[in-house]
$ cat coords-v7.cif   # mmCIF, N, CA and C atoms and all ligand atoms; chains and numbers go by the auth columns
data_final
#
loop_
_atom_site.group_PDB
_atom_site.id
_atom_site.type_symbol
_atom_site.label_atom_id
_atom_site.label_comp_id
_atom_site.label_asym_id
_atom_site.label_seq_id
_atom_site.Cartn_x
_atom_site.Cartn_y
_atom_site.Cartn_z
_atom_site.B_iso_or_equiv
_atom_site.auth_seq_id
_atom_site.auth_asym_id
ATOM 1 N N MET A 1 -74.022 99.587 39.516 0.00 1223 U
ATOM 2 C CA MET A 1 -74.490 98.373 40.181 0.00 1223 U
ATOM 3 C C MET A 1 -76.001 98.394 40.303 0.00 1223 U
ATOM 4 N N ASN A 2 -76.587 97.225 40.188 0.00 1224 U
ATOM 5 C CA ASN A 2 -78.032 97.129 40.228 0.00 1224 U
ATOM 6 C C ASN A 2 -78.475 96.259 41.402 0.00 1224 U
ATOM 7 N N CYS A 3 -79.534 96.707 42.014 0.00 1225 U
ATOM 8 C CA CYS A 3 -80.075 95.953 43.139 0.00 1225 U
ATOM 9 C C CYS A 3 -80.553 94.569 42.687 0.00 1225 U
ATOM 10 N N GLN A 4 -80.209 93.566 43.469 0.00 1226 U
ATOM 11 C CA GLN A 4 -80.600 92.196 43.145 0.00 1226 U
ATOM 12 C C GLN A 4 -82.117 92.032 43.167 0.00 1226 U
ATOM 13 N N ARG A 5 -82.794 92.771 44.015 0.00 1227 U
ATOM 14 C CA ARG A 5 -84.221 92.534 44.220 0.00 1227 U
ATOM 15 C C ARG A 5 -85.086 93.358 43.264 0.00 1227 U
ATOM 16 N N CYS A 6 -84.845 94.671 43.191 0.00 1228 U
ATOM 17 C CA CYS A 6 -85.705 95.522 42.360 0.00 1228 U
ATOM 18 C C CYS A 6 -85.054 95.861 41.023 0.00 1228 U
ATOM 19 N N SER A 7 -83.778 95.493 40.842 0.00 1229 U
ATOM 20 C CA SER A 7 -83.045 95.691 39.584 0.00 1229 U
ATOM 21 C C SER A 7 -82.825 97.153 39.234 0.00 1229 U
ATOM 22 N N LYS A 8 -83.101 98.053 40.167 0.00 1230 U
ATOM 23 C CA LYS A 8 -82.846 99.469 39.901 0.00 1230 U
ATOM 24 C C LYS A 8 -81.359 99.759 40.024 0.00 1230 U
ATOM 25 N N LYS A 9 -80.922 100.720 39.236 0.00 1231 U
ATOM 26 C CA LYS A 9 -79.522 101.105 39.292 0.00 1231 U
ATOM 27 C C LYS A 9 -79.293 101.968 40.529 0.00 1231 U
ATOM 28 N N LYS A 10 -78.251 101.630 41.290 0.00 1232 U
ATOM 29 C CA LYS A 10 -78.012 102.327 42.553 0.00 1232 U
ATOM 30 C C LYS A 10 -76.544 102.706 42.687 0.00 1232 U
ATOM 31 N N LYS A 11 -76.318 103.749 43.482 0.00 1233 U
ATOM 32 C CA LYS A 11 -74.938 104.128 43.781 0.00 1233 U
ATOM 33 C C LYS A 11 -74.425 103.315 44.970 0.00 1233 U
ATOM 34 N N GLU A 12 -73.126 103.324 45.124 0.00 1234 U
ATOM 35 C CA GLU A 12 -72.504 102.450 46.127 0.00 1234 U
ATOM 36 C C GLU A 12 -73.026 102.713 47.540 0.00 1234 U
ATOM 37 N N TYR A 13 -73.246 104.000 47.866 0.00 1235 U
ATOM 38 C CA TYR A 13 -73.686 104.307 49.223 0.00 1235 U
ATOM 39 C C TYR A 13 -75.167 104.019 49.430 0.00 1235 U
ATOM 40 N N GLU A 14 -75.860 103.634 48.357 0.00 1236 U
ATOM 41 C CA GLU A 14 -77.293 103.354 48.474 0.00 1236 U
ATOM 42 C C GLU A 14 -77.589 101.874 48.661 0.00 1236 U
ATOM 43 N N VAL A 15 -76.559 101.078 48.754 0.00 1237 U
ATOM 44 C CA VAL A 15 -76.791 99.636 48.772 0.00 1237 U
ATOM 45 C C VAL A 15 -76.067 98.959 49.928 0.00 1237 U
ATOM 46 N N TRP A 16 -76.524 97.769 50.220 0.00 1238 U
ATOM 47 C CA TRP A 16 -75.831 96.888 51.147 0.00 1238 U
ATOM 48 C C TRP A 16 -75.277 95.719 50.356 0.00 1238 U
ATOM 49 N N ASN A 17 -74.053 95.314 50.664 0.00 1239 U
ATOM 50 C CA ASN A 17 -73.551 94.074 50.071 0.00 1239 U
ATOM 51 C C ASN A 17 -73.684 92.946 51.091 0.00 1239 U
ATOM 52 N N ASN A 18 -73.306 91.787 50.653 0.00 1240 U
ATOM 53 C CA ASN A 18 -73.458 90.595 51.474 0.00 1240 U
ATOM 54 C C ASN A 18 -72.817 90.744 52.852 0.00 1240 U
ATOM 55 N N LYS A 19 -71.602 91.272 52.873 0.00 1241 U
ATOM 56 C CA LYS A 19 -70.873 91.417 54.144 0.00 1241 U
ATOM 57 C C LYS A 19 -71.590 92.345 55.103 0.00 1241 U
ATOM 58 N N ILE A 20 -72.087 93.456 54.572 0.00 1242 U
ATOM 59 C CA ILE A 20 -72.792 94.409 55.438 0.00 1242 U
ATOM 60 C C ILE A 20 -74.053 93.762 55.997 0.00 1242 U
ATOM 61 N N VAL A 21 -74.759 93.047 55.144 0.00 1243 U
ATOM 62 C CA VAL A 21 -75.991 92.402 55.592 0.00 1243 U
ATOM 63 C C VAL A 21 -75.705 91.457 56.754 0.00 1243 U
ATOM 64 N N ILE A 22 -74.653 90.669 56.616 0.00 1244 U
ATOM 65 C CA ILE A 22 -74.335 89.693 57.652 0.00 1244 U
ATOM 66 C C ILE A 22 -73.842 90.379 58.932 0.00 1244 U
ATOM 67 N N SER A 23 -73.029 91.422 58.771 0.00 1245 U
ATOM 68 C CA SER A 23 -72.459 92.044 59.959 0.00 1245 U
ATOM 69 C C SER A 23 -73.422 93.017 60.629 0.00 1245 U
ATOM 70 N N ALA A 24 -74.350 93.575 59.881 0.00 1246 U
ATOM 71 C CA ALA A 24 -75.236 94.589 60.448 0.00 1246 U
ATOM 72 C C ALA A 24 -76.523 94.007 61.010 0.00 1246 U
ATOM 73 N N THR A 25 -76.827 92.777 60.654 0.00 1247 U
ATOM 74 C CA THR A 25 -78.046 92.176 61.176 0.00 1247 U
ATOM 75 C C THR A 25 -77.699 90.893 61.912 0.00 1247 U
ATOM 76 N N TYR A 26 -78.173 90.786 63.117 0.00 1248 U
ATOM 77 C CA TYR A 26 -77.955 89.569 63.887 0.00 1248 U
ATOM 78 C C TYR A 26 -79.223 88.736 63.896 0.00 1248 U
ATOM 79 N N ASP A 27 -80.132 89.115 63.008 0.00 1249 U
ATOM 80 C CA ASP A 27 -81.447 88.502 62.989 0.00 1249 U
ATOM 81 C C ASP A 27 -81.427 87.291 62.055 0.00 1249 U
ATOM 82 N N SER A 28 -81.526 86.105 62.596 0.00 1250 U
ATOM 83 C CA SER A 28 -81.408 84.918 61.746 0.00 1250 U
ATOM 84 C C SER A 28 -82.600 84.785 60.811 0.00 1250 U
ATOM 85 N N GLU A 29 -83.761 85.263 61.230 0.00 1251 U
ATOM 86 C CA GLU A 29 -84.923 85.219 60.338 0.00 1251 U
ATOM 87 C C GLU A 29 -84.691 86.078 59.111 0.00 1251 U
ATOM 88 N N PHE A 30 -84.092 87.227 59.335 0.00 1252 U
ATOM 89 C CA PHE A 30 -83.768 88.124 58.231 0.00 1252 U
ATOM 90 C C PHE A 30 -82.740 87.470 57.318 0.00 1252 U
ATOM 91 N N GLN A 31 -81.716 86.900 57.908 0.00 1253 U
ATOM 92 C CA GLN A 31 -80.657 86.284 57.098 0.00 1253 U
ATOM 93 C C GLN A 31 -81.132 85.030 56.393 0.00 1253 U
ATOM 94 N N ASN A 32 -82.203 84.437 56.862 0.00 1254 U
ATOM 95 C CA ASN A 32 -82.757 83.250 56.213 0.00 1254 U
ATOM 96 C C ASN A 32 -83.767 83.580 55.126 0.00 1254 U
ATOM 97 N N HIS A 33 -84.061 84.861 54.961 0.00 1255 U
ATOM 98 C CA HIS A 33 -85.004 85.257 53.919 0.00 1255 U
ATOM 99 C C HIS A 33 -84.462 84.844 52.544 0.00 1255 U
ATOM 100 N N ASP A 34 -85.361 84.362 51.677 0.00 1256 U
ATOM 101 C CA ASP A 34 -84.945 83.880 50.348 0.00 1256 U
ATOM 102 C C ASP A 34 -84.044 84.865 49.621 0.00 1256 U
ATOM 103 N N GLU A 35 -84.426 86.126 49.684 0.00 1257 U
ATOM 104 C CA GLU A 35 -83.699 87.146 48.929 0.00 1257 U
ATOM 105 C C GLU A 35 -82.276 87.326 49.469 0.00 1257 U
ATOM 106 N N ILE A 36 -82.131 87.191 50.777 0.00 1258 U
ATOM 107 C CA ILE A 36 -80.806 87.320 51.400 0.00 1258 U
ATOM 108 C C ILE A 36 -79.966 86.086 51.110 0.00 1258 U
ATOM 109 N N ARG A 37 -80.595 84.940 51.149 0.00 1259 U
ATOM 110 C CA ARG A 37 -79.865 83.694 50.881 0.00 1259 U
ATOM 111 C C ARG A 37 -79.360 83.622 49.451 0.00 1259 U
ATOM 112 N N LYS A 38 -80.059 84.304 48.550 0.00 1260 U
ATOM 113 C CA LYS A 38 -79.648 84.309 47.142 0.00 1260 U
ATOM 114 C C LYS A 38 -78.388 85.130 46.907 0.00 1260 U
ATOM 115 N N MET A 39 -78.047 85.989 47.863 0.00 1261 U
ATOM 116 C CA MET A 39 -76.912 86.889 47.683 0.00 1261 U
ATOM 117 C C MET A 39 -75.600 86.113 47.617 0.00 1261 U
ATOM 118 N N ASP A 40 -74.710 86.558 46.723 0.00 1262 U
ATOM 119 C CA ASP A 40 -73.351 86.034 46.759 0.00 1262 U
ATOM 120 C C ASP A 40 -72.398 87.215 46.972 0.00 1262 U
ATOM 121 N N ASP A 41 -71.123 86.988 46.810 0.00 1263 U
ATOM 122 C CA ASP A 41 -70.134 88.024 47.118 0.00 1263 U
ATOM 123 C C ASP A 41 -70.343 89.309 46.332 0.00 1263 U
ATOM 124 N N LYS A 42 -70.948 89.189 45.153 0.00 1264 U
ATOM 125 C CA LYS A 42 -71.096 90.379 44.304 0.00 1264 U
ATOM 126 C C LYS A 42 -72.487 90.976 44.355 0.00 1264 U
ATOM 127 N N SER A 43 -73.395 90.337 45.056 0.00 1265 U
ATOM 128 C CA SER A 43 -74.764 90.834 45.109 0.00 1265 U
ATOM 129 C C SER A 43 -74.857 92.085 45.969 0.00 1265 U
ATOM 130 N N ILE A 44 -75.762 92.946 45.588 0.00 1266 U
ATOM 131 C CA ILE A 44 -76.069 94.111 46.417 0.00 1266 U
ATOM 132 C C ILE A 44 -77.591 94.296 46.466 0.00 1266 U
ATOM 133 N N ILE A 45 -78.039 94.837 47.580 0.00 1267 U
ATOM 134 C CA ILE A 45 -79.462 95.133 47.740 0.00 1267 U
ATOM 135 C C ILE A 45 -79.584 96.565 48.237 0.00 1267 U
ATOM 136 N N CYS A 46 -80.493 97.328 47.639 0.00 1268 U
ATOM 137 C CA CYS A 46 -80.627 98.735 48.012 0.00 1268 U
ATOM 138 C C CYS A 46 -81.353 98.878 49.346 0.00 1268 U
ATOM 139 N N HIS A 47 -81.230 100.053 49.940 0.00 1269 U
ATOM 140 C CA HIS A 47 -81.822 100.281 51.257 0.00 1269 U
ATOM 141 C C HIS A 47 -83.335 100.082 51.242 0.00 1269 U
ATOM 142 N N ASP A 48 -83.981 100.489 50.157 0.00 1270 U
ATOM 143 C CA ASP A 48 -85.432 100.326 50.065 0.00 1270 U
ATOM 144 C C ASP A 48 -85.821 98.855 50.177 0.00 1270 U
ATOM 145 N N CYS A 49 -85.063 98.023 49.486 0.00 1271 U
ATOM 146 C CA CYS A 49 -85.388 96.590 49.490 0.00 1271 U
ATOM 147 C C CYS A 49 -85.027 95.943 50.817 0.00 1271 U
ATOM 148 N N ILE A 50 -83.943 96.393 51.430 0.00 1272 U
ATOM 149 C CA ILE A 50 -83.594 95.890 52.766 0.00 1272 U
ATOM 150 C C ILE A 50 -84.756 96.159 53.719 0.00 1272 U
ATOM 151 N N GLN A 51 -85.286 97.381 53.634 0.00 1273 U
ATOM 152 C CA GLN A 51 -86.402 97.732 54.505 0.00 1273 U
ATOM 153 C C GLN A 51 -87.625 96.869 54.207 0.00 1273 U
ATOM 154 N N ALA A 52 -87.879 96.638 52.921 0.00 1274 U
ATOM 155 C CA ALA A 52 -89.033 95.819 52.532 0.00 1274 U
ATOM 156 C C ALA A 52 -88.883 94.395 53.060 0.00 1274 U
ATOM 157 N N ILE A 53 -87.673 93.870 52.986 0.00 1275 U
ATOM 158 C CA ILE A 53 -87.425 92.512 53.487 0.00 1275 U
ATOM 159 C C ILE A 53 -87.601 92.476 55.001 0.00 1275 U
ATOM 160 N N LYS A 54 -87.084 93.512 55.681 0.00 1276 U
ATOM 161 C CA LYS A 54 -87.260 93.582 57.140 0.00 1276 U
ATOM 162 C C LYS A 54 -88.737 93.580 57.515 0.00 1276 U
ATOM 163 N N ASP A 55 -89.521 94.360 56.771 0.00 1277 U
ATOM 164 C CA ASP A 55 -90.959 94.435 57.044 0.00 1277 U
ATOM 165 C C ASP A 55 -91.611 93.068 56.856 0.00 1277 U
ATOM 166 N N GLU A 56 -91.223 92.401 55.775 0.00 1278 U
ATOM 167 C CA GLU A 56 -91.760 91.053 55.504 0.00 1278 U
ATOM 168 C C GLU A 56 -91.452 90.106 56.647 0.00 1278 U
ATOM 169 N N VAL A 57 -90.199 90.139 57.098 0.00 1279 U
ATOM 170 C CA VAL A 57 -89.767 89.259 58.182 0.00 1279 U
ATOM 171 C C VAL A 57 -90.544 89.570 59.456 0.00 1279 U
ATOM 172 N N ASN A 58 -90.698 90.859 59.744 0.00 1280 U
ATOM 173 C CA ASN A 58 -91.409 91.251 60.959 0.00 1280 U
ATOM 174 C C ASN A 58 -92.874 90.825 60.913 0.00 1280 U
ATOM 175 N N GLN A 59 -93.478 90.934 59.745 0.00 1281 U
ATOM 176 C CA GLN A 59 -94.875 90.521 59.612 0.00 1281 U
ATOM 177 C C GLN A 59 -95.023 89.029 59.796 0.00 1281 U
ATOM 178 N N GLY A 60 -94.028 88.278 59.298 0.00 1282 U
ATOM 179 C CA GLY A 60 -94.060 86.830 59.430 0.00 1282 U
ATOM 180 C C GLY A 60 -94.019 86.367 60.872 0.00 1282 U
ATOM 181 N N GLU A 61 -93.430 87.197 61.727 0.00 1283 U
ATOM 182 C CA GLU A 61 -93.296 86.811 63.135 0.00 1283 U
ATOM 183 C C GLU A 61 -94.602 86.930 63.899 0.00 1283 U
ATOM 184 N N LYS A 62 -95.502 87.808 63.393 0.00 1284 U
ATOM 185 C CA LYS A 62 -96.735 88.055 64.138 0.00 1284 U
ATOM 186 C C LYS A 62 -97.831 87.035 63.838 0.00 1284 U
HETATM 187 ZN ZN ZN B . -83.793 97.365 45.494 0.00 1301 U
#
$ encode --input "coords-v7.cif" --output "structure tokens"
Amino acid sequence: MNCQRCSKKKKEYEVWNNKIVISATYDSEFQNHDEIRKMDDKSIICHDCIQAIKDEVNQGEK
């Protein structure tokens, strides 16, 4: 499986799928991020990219 954002090949435990993203984050700003909105049932995003998106969202708030 390849990360939707960085396209790197990742193992299952290294990624978040759509369901995890929705259930693990209650942050609507995060869930409204373009990259998250692009996700469908089969999309996955690696932990590195999740962190990068979180950082982007946090910076946007300031
Ligand atoms: Zn990635």
$ residues_near_ligand --input "coords-v7.cif" --ligand "ligand ZN 1301 (chain U)" --cutoff "6.5 Å" --atoms "all atoms listed in the file" --output "JSON, numbers by chain"
{"U": [1225, 1226, 1227, 1228, 1229, 1230, 1267, 1268, 1269, 1270, 1271, 1272]}
$ select_by_dssp --input "coords-v7.cif" --residues "chain U" --states "strand (DSSP E)" --output "PyMOL selection string"
chain U and resi 1237-1239+1266-1268
$ residues_near_point --input "coords-v7.cif" --point "(-85.8, 85.7, 57.3)" --cutoff "6 Å" --atoms "only N, CA and C atoms" --output "CSV table (one decimal) with N, CA and C atoms, keeping the file's coordinate frame"
chain,number,residue,atom,x,y,z
U,1250,SER,N,-81.5,86.1,62.6
U,1250,SER,CA,-81.4,84.9,61.7
U,1250,SER,C,-82.6,84.8,60.8
U,1251,GLU,N,-83.8,85.3,61.2
U,1251,GLU,CA,-84.9,85.2,60.3
U,1251,GLU,C,-84.7,86.1,59.1
U,1252,PHE,N,-84.1,87.2,59.3
U,1252,PHE,CA,-83.8,88.1,58.2
U,1252,PHE,C,-82.7,87.5,57.3
U,1253,GLN,N,-81.7,86.9,57.9
U,1253,GLN,CA,-80.7,86.3,57.1
U,1253,GLN,C,-81.1,85.0,56.4
U,1254,ASN,N,-82.2,84.4,56.9
U,1254,ASN,CA,-82.8,83.2,56.2
U,1254,ASN,C,-83.8,83.6,55.1
U,1255,HIS,N,-84.1,84.9,55.0
U,1255,HIS,CA,-85.0,85.3,53.9
U,1255,HIS,C,-84.5,84.8,52.5
U,1256,ASP,N,-85.4,84.4,51.7
U,1256,ASP,CA,-84.9,83.9,50.3
U,1256,ASP,C,-84.0,84.9,49.6
U,1279,VAL,N,-90.2,90.1,57.1
U,1279,VAL,CA,-89.8,89.3,58.2
U,1279,VAL,C,-90.5,89.6,59.5
$ resolve_selection --input "coords-v7.cif" --expression "the PyMOL selection byres (((chain U and resi 1244 and name CA) around 12) and not hetatm and name CA)" --output "JSON, numbers by chain"
{"U": [1238, 1239, 1240, 1241, 1242, 1243, 1245, 1246, 1247, 1248, 1249, 1250, 1251, 1252, 1253, 1254, 1258, 1259, 1261, 1262, 1263]}
$ closest_residue --input "coords-v7.cif" --among "U:Lys1233, U:Met1223, U:Glu1257, U:Ser1265" --to "Glu1278 (chain U)" --atoms "only C-alpha atoms"
U:Glu1257
$ select_by_dssp --input "coords-v7.cif" --residues "region 1224-1267 of chain U" --states "alpha helix (DSSP H)" --output "list in words"
Asn1240, Lys1241, Ile1242, Val1243, Ile1244, Ser1245, Ala1246, Ser1250, Glu1251, Phe1252, Gln1253, Asp1256, Glu1257, Ile1258 and Arg1259 of chain U
$ write_last_selection --input "coords-v7.cif" --atoms "N, CA and C atoms" --output "PDB file, in the frame of the given file"
ATOM      1  N   ASN U1240     -73.306  91.787  50.653  1.00  0.00           N
ATOM      2  CA  ASN U1240     -73.458  90.595  51.474  1.00  0.00           C
ATOM      3  C   ASN U1240     -72.817  90.744  52.852  1.00  0.00           C
ATOM      4  N   LYS U1241     -71.602  91.272  52.873  1.00  0.00           N
ATOM      5  CA  LYS U1241     -70.873  91.417  54.144  1.00  0.00           C
ATOM      6  C   LYS U1241     -71.590  92.345  55.103  1.00  0.00           C
ATOM      7  N   ILE U1242     -72.087  93.456  54.572  1.00  0.00           N
ATOM      8  CA  ILE U1242     -72.792  94.409  55.438  1.00  0.00           C
ATOM      9  C   ILE U1242     -74.053  93.762  55.997  1.00  0.00           C
ATOM     10  N   VAL U1243     -74.759  93.047  55.144  1.00  0.00           N
ATOM     11  CA  VAL U1243     -75.991  92.402  55.592  1.00  0.00           C
ATOM     12  C   VAL U1243     -75.705  91.457  56.754  1.00  0.00           C
ATOM     13  N   ILE U1244     -74.653  90.669  56.616  1.00  0.00           N
ATOM     14  CA  ILE U1244     -74.335  89.693  57.652  1.00  0.00           C
ATOM     15  C   ILE U1244     -73.842  90.379  58.932  1.00  0.00           C
ATOM     16  N   SER U1245     -73.029  91.422  58.771  1.00  0.00           N
ATOM     17  CA  SER U1245     -72.459  92.044  59.959  1.00  0.00           C
ATOM     18  C   SER U1245     -73.422  93.017  60.629  1.00  0.00           C
ATOM     19  N   ALA U1246     -74.350  93.575  59.881  1.00  0.00           N
ATOM     20  CA  ALA U1246     -75.236  94.589  60.448  1.00  0.00           C
ATOM     21  C   ALA U1246     -76.523  94.007  61.010  1.00  0.00           C
ATOM     22  N   SER U1250     -81.526  86.105  62.596  1.00  0.00           N
ATOM     23  CA  SER U1250     -81.408  84.918  61.746  1.00  0.00           C
ATOM     24  C   SER U1250     -82.600  84.785  60.811  1.00  0.00           C
ATOM     25  N   GLU U1251     -83.761  85.263  61.230  1.00  0.00           N
ATOM     26  CA  GLU U1251     -84.923  85.219  60.338  1.00  0.00           C
ATOM     27  C   GLU U1251     -84.691  86.078  59.111  1.00  0.00           C
ATOM     28  N   PHE U1252     -84.092  87.227  59.335  1.00  0.00           N
ATOM     29  CA  PHE U1252     -83.768  88.124  58.231  1.00  0.00           C
ATOM     30  C   PHE U1252     -82.740  87.470  57.318  1.00  0.00           C
ATOM     31  N   GLN U1253     -81.716  86.900  57.908  1.00  0.00           N
ATOM     32  CA  GLN U1253     -80.657  86.284  57.098  1.00  0.00           C
ATOM     33  C   GLN U1253     -81.132  85.030  56.393  1.00  0.00           C
ATOM     34  N   ASP U1256     -85.361  84.362  51.677  1.00  0.00           N
ATOM     35  CA  ASP U1256     -84.945  83.880  50.348  1.00  0.00           C
ATOM     36  C   ASP U1256     -84.044  84.865  49.621  1.00  0.00           C
ATOM     37  N   GLU U1257     -84.426  86.126  49.684  1.00  0.00           N
ATOM     38  CA  GLU U1257     -83.699  87.146  48.929  1.00  0.00           C
ATOM     39  C   GLU U1257     -82.276  87.326  49.469  1.00  0.00           C
ATOM     40  N   ILE U1258     -82.131  87.191  50.777  1.00  0.00           N
ATOM     41  CA  ILE U1258     -80.806  87.320  51.400  1.00  0.00           C
ATOM     42  C   ILE U1258     -79.966  86.086  51.110  1.00  0.00           C
ATOM     43  N   ARG U1259     -80.595  84.940  51.149  1.00  0.00           N
ATOM     44  CA  ARG U1259     -79.865  83.694  50.881  1.00  0.00           C
ATOM     45  C   ARG U1259     -79.360  83.622  49.451  1.00  0.00           C
TER      46      ARG U1259
END
$ atom_distance --input "coords-v7.cif" --atom1 "atom C of Lys1231 (chain U)" --atom2 "CA of Gly1282 (chain U)"
28.4 Å
$ atom_distance --input "coords-v7.cif" --atom1 "atom N of Lys1232 (chain U)" --atom2 "atom N of Gln1273 (chain U)"
14.8 Å
$ atom_distance --input "coords-v7.cif" --atom1 "CA of Lys1260 (chain U)" --atom2 "atom N of Lys1276 (chain U)"
14.6 Å
